[in-house]
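For reference, the structure discussed in these notes is given below.
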Amino acid sequence: MGTQCQAELIAVGSEILLGQINNSHAQVISAELAKYGLYVYHHGAVGDNEQRIRRAFETASQRSNVVIVTGGLGPTADDLTKEALASFLDRKLVLSEEALHHLMQYFAGRQRQMPEENRKQAYCIEGGELIPNENGTAPGQYIFDRNVHFFLLPGPPLEMRPMLRNYVLPRLIEVFGGQQALISRVLHFCGIGESDVDEQIQDLTAGQNPTVAPLAGEGEMLLRITATADSESSARAKIAPVEEELRRRFGSYLYGVDDDTLPSVVGRRLAERQHTLSVAESCTGGLLASMLTDVPGSSAYFMGGVVAYDNRIKESLLDVPSDVLATEGAVSEATARALAEGVRRRLSTTYGIGVTGIAGPGGGTPEKPVGLVYVAVADGRQTQVYRLQYRVSRAQVRLRTCKQALWRLLGIME
C-alpha cells in the first residue's frame, strides 16, 4: 500500500448502532492523526457479534494499512474484539503474565479482589504487543500482520485517549514518518446561505492544496480551508491567501474562526466593552439563555432572562402592553419590540433581545404561518426588529432563531 498512512477506524459496540451513545472516538482519533498528516479514509461501527467484527476486519484489511479499533476489550461475554481479530489472523489467544499482573495490581490498589471474569482481559493475541492502560483494566494491543497495523483500544475515553497519544501516534509516526503537517482553518459566517456562497467559491473549491470545503452548520455557514506541507508554518502560509480572499468576498458575514461560536464571540465582545445583555424568550423557551451561559465566564455580561410563554407573563414581568397583545398578537413586530425593551429596562442591561414566534408543528394560520419569528434587539437608543420565516422542524426553528438573534446583536454592536 506504499508509505502513506491509509487508516480506518472501527468502533465496536451495539450501543453505538442503537443510537444510545455517540461515536465520538471517530472525531477525536481522526483529528489527532490529521495533525501529523496521517490520513483516515474510513469510519465504521459494528455490534457485539464476533462474526460481524471479523468481517469488519476482513473488509478493512483489504483497503487500509492501519486499522484502529475502539471497544470490545472488556471482561464480559459480549466483549469480542480480541477474539474476532485472533480468528481472522488465525492466531491463538494466550495468557499474558504481564497483563494479569497489571490487573491484579489494579484491583489491589482499590482494595478489591479481582473478579474471575476480568481474567479474560489478560489474554492477548499471540505475537502481539501490549499497549499499557494506566487508567483501566483493559490493555490495548498492537499487531502487524498482512501488511496492516492493527491497534486495539478500550472504549472508555479516559482510557483510550492517553493510549492513543502515548503509544499509537508515536508508533504511526515511526512507521510513516509524520513529516507532513495537515492544518485546517474554519471560517464561520452567518446571514448568508450555503447556496449563495457555493456559487461564488467554485474557483476556490477546485483547488487541491489547499482545499476549500463547506461544512454543515445549522443556521450558519462554515468553510474549512485545509493544506498539507512539510511544516505547520508552510501549511499555514498556503492557507493565508485563500483565507484573505474569502474574507474579501464575504467579510461582512464573517463572525469567527476555528472554535469560535456565536455565543462565544458575542460574549467576548460584550466583556471587552463591559456591556451587559438580557433576553426575553417566547418560542425559543430558554434556549438562547442556555447557549449564552454555556460559555465560561458568561456571568460577567449575561444578567439573565425571562421565558415568557404566557401573555400574562409578557404583560406582568416585561411590560408588554395588553393592547399590543390584543391587537397585534403575541407573534408580532410590536410584541418582539416590547419584549426586548422591557427585559432591557427591567434587568438594567446595555442590550435586550426579544424573541417571539410560532415554532410549530401546529399553531400557524394563513396570516401567521408556522416558522414565523420576530427577533428584536434594543440598546436604549433604538430597537431593531427582524422578521424571519422558516420551513424547518421545531428544533431547527428554535436553534436558527437563537443564532439569528446573536448575529443581529453583533450587527448592532458594530
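In the C-alpha cells, chains take the letters A, B, ... in the order shown, each chain's residues start at 1, and ligands count up from 1 in the order shown.
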Open item on the list: Applying 12 Å and only C-alpha atoms, which residues near Asn22 of chain A remain after dropping the ones on its own chain fewer than 5 positions away? List them as a list in words.
Closed with: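 Skipping anything fewer than 5 positions along the chain leaves Ala11, Val12, Gly13, Ser14, Glu15, Ile16, Leu17, Gln27, Val28, Ala45, Gly155 and Pro157 of chain A.
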- [ ] Pull the strand (DSSP E) assignments for segment 99-273 of chain A out of DSSP run on the backbone, and list those residues as an NGL selection string.
- [x] :A and (123-125 or 129-131 or 140-145 or 148-153 or 181-189 or 211-215 or 221-229 or 254-257)
Task: Minimum-distance residue to Gly360 of chain A, chosen among A:Phe57, A:Leu95, A:Ser393, A:Asp79 (using only C-alpha atoms) - done: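 With only C-alpha atoms as the atom set, the closest residue is A:Ser393.
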Open item on the list: Under the rule that only C-alpha atoms are counted, which of A:Leu187, A:Leu372, A:Ser299, A:Ser332 is the nearest residue to Asp260 of chain A?
Closed with: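 Among A:Leu187, A:Leu372, A:Ser299, A:Ser332, it is A:Leu187 that comes nearest to Asp260 of chain A.
Candidate residues A:Pro361, A:Ala235, A:His42, A:Leu347 were compared for distance to Arg391 of chain A, and the nearest is A:Pro361, using only C-alpha atoms.
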Task: Polymer residues at most 12 Å from Ser87 of chain A, only C-alpha atoms, same-chain spacing of 4 or more positions, as an MDAnalysis selection string - done: chainID A and resid 50:55 57:58 80:83 91:93 125:126
- [ ] Just give me the gap between atom CA of Asn23 of chain A and atom CA of Val392 of chain A in Å, one decimal is fine.
- [x] 26.3 Å
Task: Residues flagged helix (DSSP H, G or I) by DSSP in segment 294-332 of chain A, as a list of chain:residue names - done: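 Helix (DSSP H, G or I) assignments inside segment 294-332 of chain A correspond to A:Ser298, A:Ser299, A:Ala300, A:Asn311, A:Arg312, A:Ile313, A:Lys314, A:Glu315, A:Ser316, A:Leu317, A:Leu318, A:Ser322, A:Asp323, A:Val324, A:Leu325, A:Ala326, A:Thr327.
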Write out the residues from the selection above, keeping all heavy atoms, as a short mmCIF file (atom, residue, chain, number, x, y, z; two decimals), in the first residue's frame.
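Written file, again.cif:
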```cif
data_model
loop_
_atom_site.label_atom_id
_atom_site.label_comp_id
_atom_site.auth_asym_id
_atom_site.auth_seq_id
_atom_site.Cartn_x
_atom_site.Cartn_y
_atom_site.Cartn_z
N SER A 298 -19.63 33.71 31.40
CA SER A 298 -20.75 34.50 30.88
C SER A 298 -21.43 35.34 31.96
O SER A 298 -22.16 36.30 31.63
CB SER A 298 -21.78 33.58 30.22
OG SER A 298 -22.18 32.54 31.10
N SER A 299 -21.20 35.03 33.23
CA SER A 299 -21.82 35.83 34.29
C SER A 299 -21.30 37.26 34.29
O SER A 299 -21.92 38.15 34.89
CB SER A 299 -21.56 35.19 35.66
OG SER A 299 -20.16 35.09 35.91
N ALA A 300 -20.19 37.51 33.59
CA ALA A 300 -19.63 38.87 33.54
C ALA A 300 -20.49 39.80 32.68
O ALA A 300 -20.44 41.02 32.85
CB ALA A 300 -18.21 38.84 33.00
N ASN A 311 -49.12 35.05 27.80
CA ASN A 311 -49.26 36.51 27.64
C ASN A 311 -49.27 37.25 28.96
O ASN A 311 -48.81 38.39 29.05
CB ASN A 311 -50.52 36.83 26.85
CG ASN A 311 -50.35 36.58 25.36
OD1 ASN A 311 -49.24 36.31 24.90
ND2 ASN A 311 -51.44 36.68 24.61
N ARG A 312 -49.77 36.58 30.01
CA ARG A 312 -49.80 37.25 31.32
C ARG A 312 -48.39 37.53 31.83
O ARG A 312 -48.15 38.53 32.51
CB ARG A 312 -50.58 36.40 32.32
CG ARG A 312 -52.08 36.34 32.04
CD ARG A 312 -52.78 35.29 32.87
NE ARG A 312 -52.32 33.95 32.53
CZ ARG A 312 -52.79 32.84 33.10
NH1 ARG A 312 -53.71 32.91 34.05
NH2 ARG A 312 -52.34 31.66 32.73
N ILE A 313 -47.45 36.63 31.51
CA ILE A 313 -46.06 36.84 31.90
C ILE A 313 -45.45 37.98 31.09
O ILE A 313 -44.70 38.81 31.61
CB ILE A 313 -45.24 35.54 31.71
CG1 ILE A 313 -45.88 34.39 32.48
CG2 ILE A 313 -43.80 35.75 32.14
CD1 ILE A 313 -46.00 34.65 33.97
N LYS A 314 -45.80 38.02 29.82
CA LYS A 314 -45.30 39.10 28.97
C LYS A 314 -45.75 40.46 29.52
O LYS A 314 -44.98 41.43 29.55
CB LYS A 314 -45.80 38.93 27.53
CG LYS A 314 -45.27 37.70 26.79
CD LYS A 314 -45.84 37.63 25.39
CE LYS A 314 -45.28 36.47 24.58
NZ LYS A 314 -45.77 35.15 25.01
N GLU A 315 -47.00 40.51 29.96
CA GLU A 315 -47.53 41.77 30.49
C GLU A 315 -46.94 42.12 31.85
O GLU A 315 -46.44 43.24 32.06
CB GLU A 315 -49.06 41.67 30.62
CG GLU A 315 -49.82 41.69 29.32
CD GLU A 315 -51.31 41.71 29.56
OE1 GLU A 315 -51.77 42.60 30.31
OE2 GLU A 315 -52.01 40.84 29.01
N SER A 316 -47.00 41.17 32.79
CA SER A 316 -46.67 41.48 34.18
C SER A 316 -45.18 41.62 34.43
O SER A 316 -44.75 42.46 35.23
CB SER A 316 -47.25 40.42 35.11
OG SER A 316 -46.69 39.13 34.83
N LEU A 317 -44.36 40.81 33.76
CA LEU A 317 -42.92 40.84 34.03
C LEU A 317 -42.13 41.69 33.05
O LEU A 317 -41.06 42.20 33.39
CB LEU A 317 -42.34 39.42 34.03
CG LEU A 317 -42.81 38.47 35.14
CD1 LEU A 317 -42.07 37.14 35.06
CD2 LEU A 317 -42.61 39.10 36.52
N LEU A 318 -42.67 41.86 31.84
CA LEU A 318 -41.89 42.53 30.80
C LEU A 318 -42.58 43.76 30.24
O LEU A 318 -42.08 44.37 29.29
CB LEU A 318 -41.56 41.54 29.68
CG LEU A 318 -40.70 40.35 30.12
CD1 LEU A 318 -40.67 39.27 29.06
CD2 LEU A 318 -39.29 40.80 30.46
N SER A 322 -51.02 45.42 27.05
CA SER A 322 -52.13 44.50 26.78
C SER A 322 -52.79 44.81 25.44
O SER A 322 -53.24 43.89 24.74
CB SER A 322 -53.15 44.56 27.91
OG SER A 322 -53.64 45.88 28.07
N ASP A 323 -52.84 46.09 25.06
CA ASP A 323 -53.47 46.42 23.78
C ASP A 323 -52.64 45.94 22.59
O ASP A 323 -53.19 45.61 21.54
CB ASP A 323 -53.74 47.92 23.69
CG ASP A 323 -52.47 48.75 23.74
OD1 ASP A 323 -51.55 48.37 24.50
OD2 ASP A 323 -52.38 49.76 23.04
N VAL A 324 -51.32 45.88 22.77
CA VAL A 324 -50.46 45.32 21.72
C VAL A 324 -50.77 43.84 21.53
O VAL A 324 -50.91 43.35 20.40
CB VAL A 324 -48.97 45.54 22.05
CG1 VAL A 324 -48.09 44.68 21.14
CG2 VAL A 324 -48.59 47.00 21.90
N LEU A 325 -50.86 43.13 22.63
CA LEU A 325 -51.16 41.70 22.56
C LEU A 325 -52.55 41.46 21.98
O LEU A 325 -52.77 40.50 21.23
CB LEU A 325 -51.06 41.07 23.95
CG LEU A 325 -49.65 41.03 24.55
CD1 LEU A 325 -49.69 40.65 26.02
CD2 LEU A 325 -48.76 40.05 23.78
N ALA A 326 -53.49 42.35 22.31
CA ALA A 326 -54.86 42.18 21.84
C ALA A 326 -55.00 42.49 20.35
O ALA A 326 -55.72 41.80 19.62
CB ALA A 326 -55.80 43.06 22.65
N THR A 327 -54.31 43.52 19.90
CA THR A 327 -54.49 43.95 18.51
C THR A 327 -53.47 43.35 17.54
O THR A 327 -53.81 42.97 16.42
CB THR A 327 -54.42 45.49 18.42
OG1 THR A 327 -53.15 45.94 18.92
CG2 THR A 327 -55.54 46.12 19.24
#
```
TODO: Find the residues near Asn135 of chain A: any atom within 10 Å, counting only C-alpha atoms, skip ones fewer than 6 places away on the same chain, and give them as a PyMOL selection string.
DONE: chain A and resi 106+156+158-160+162-163
Writing out the chosen residues with N, CA and C atoms as a tab-separated table (two decimals), in the first residue's frame:
```tsv
chain	number	residue	atom	x	y	z
A	106	TYR	N	-4.12	-3.53	39.76
A	106	TYR	CA	-5.20	-2.54	39.62
A	106	TYR	C	-6.25	-2.73	40.70
A	156	PRO	N	-13.72	3.25	26.88
A	156	PRO	CA	-13.84	4.44	27.73
A	156	PRO	C	-12.86	5.54	27.31
A	158	LEU	N	-11.41	8.05	28.77
A	158	LEU	CA	-10.31	8.36	29.67
A	158	LEU	C	-9.21	7.30	29.61
A	159	GLU	N	-9.55	6.13	29.07
A	159	GLU	CA	-8.54	5.09	28.86
A	159	GLU	C	-7.98	5.15	27.45
A	160	MET	N	-8.86	5.34	26.48
A	160	MET	CA	-8.44	5.30	25.08
A	160	MET	C	-7.52	6.45	24.71
A	162	PRO	N	-5.33	8.59	26.32
A	162	PRO	CA	-3.90	8.55	26.66
A	162	PRO	C	-3.13	7.47	25.89
A	163	MET	N	-3.77	6.33	25.64
A	163	MET	CA	-3.12	5.27	24.89
A	163	MET	C	-2.90	5.69	23.44
```
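Taking only C-alpha atoms, the non-local environment of Tyr386 of chain A within 7 Å (same-chain residues fewer than 5 positions away omitted) comprises Tyr374, Val375 and Ala376 of chain A.
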Open item on the list: To one decimal place in Å, what is the distance between atom CA of Leu33 of chain A and atom CA of Glu129 of chain A?
Closed with: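 Atom-to-atom, atom CA of Leu33 of chain A and atom CA of Glu129 of chain A are spaced 20.8 Å apart.
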Open item on the list: Could you tell me how far atom CA of Arg408 of chain A sits from atom CA of Ala240 of chain A, in Å to one decimal place?
Closed with: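 Answer for the atom CA of Ala240 of chain A to atom CA of Arg408 of chain A separation: 28.2 Å.
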Task: Option closest in space to Ala7 of chain A, from A:Arg269, A:Ala84, A:Phe151, A:Leu100 [counting only C-alpha atoms] - done: A:Phe151
Open item on the list: Given only C-alpha atoms as the basis, pick out the residue of A:Val385, A:Ala138, A:Gln274, A:Tyr390 nearest to Ile412 of chain A.
Closed with: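 Counting only C-alpha atoms, the residue closest to Ile412 of chain A is A:Val385.
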Task: Given only C-alpha atoms as the counted atoms, nearest of A:Gln200, A:Thr261, A:Gln4, A:Gln20 to Glu245 of chain A - done: A:Gln200
Open item on the list: Taking 2 positions as the minimum chain separation for residues in the same chain, which residues sit within 10 Å of Tyr309 of chain A when counting only C-alpha atoms? Answer as a count of residues only.
Closed with: 14
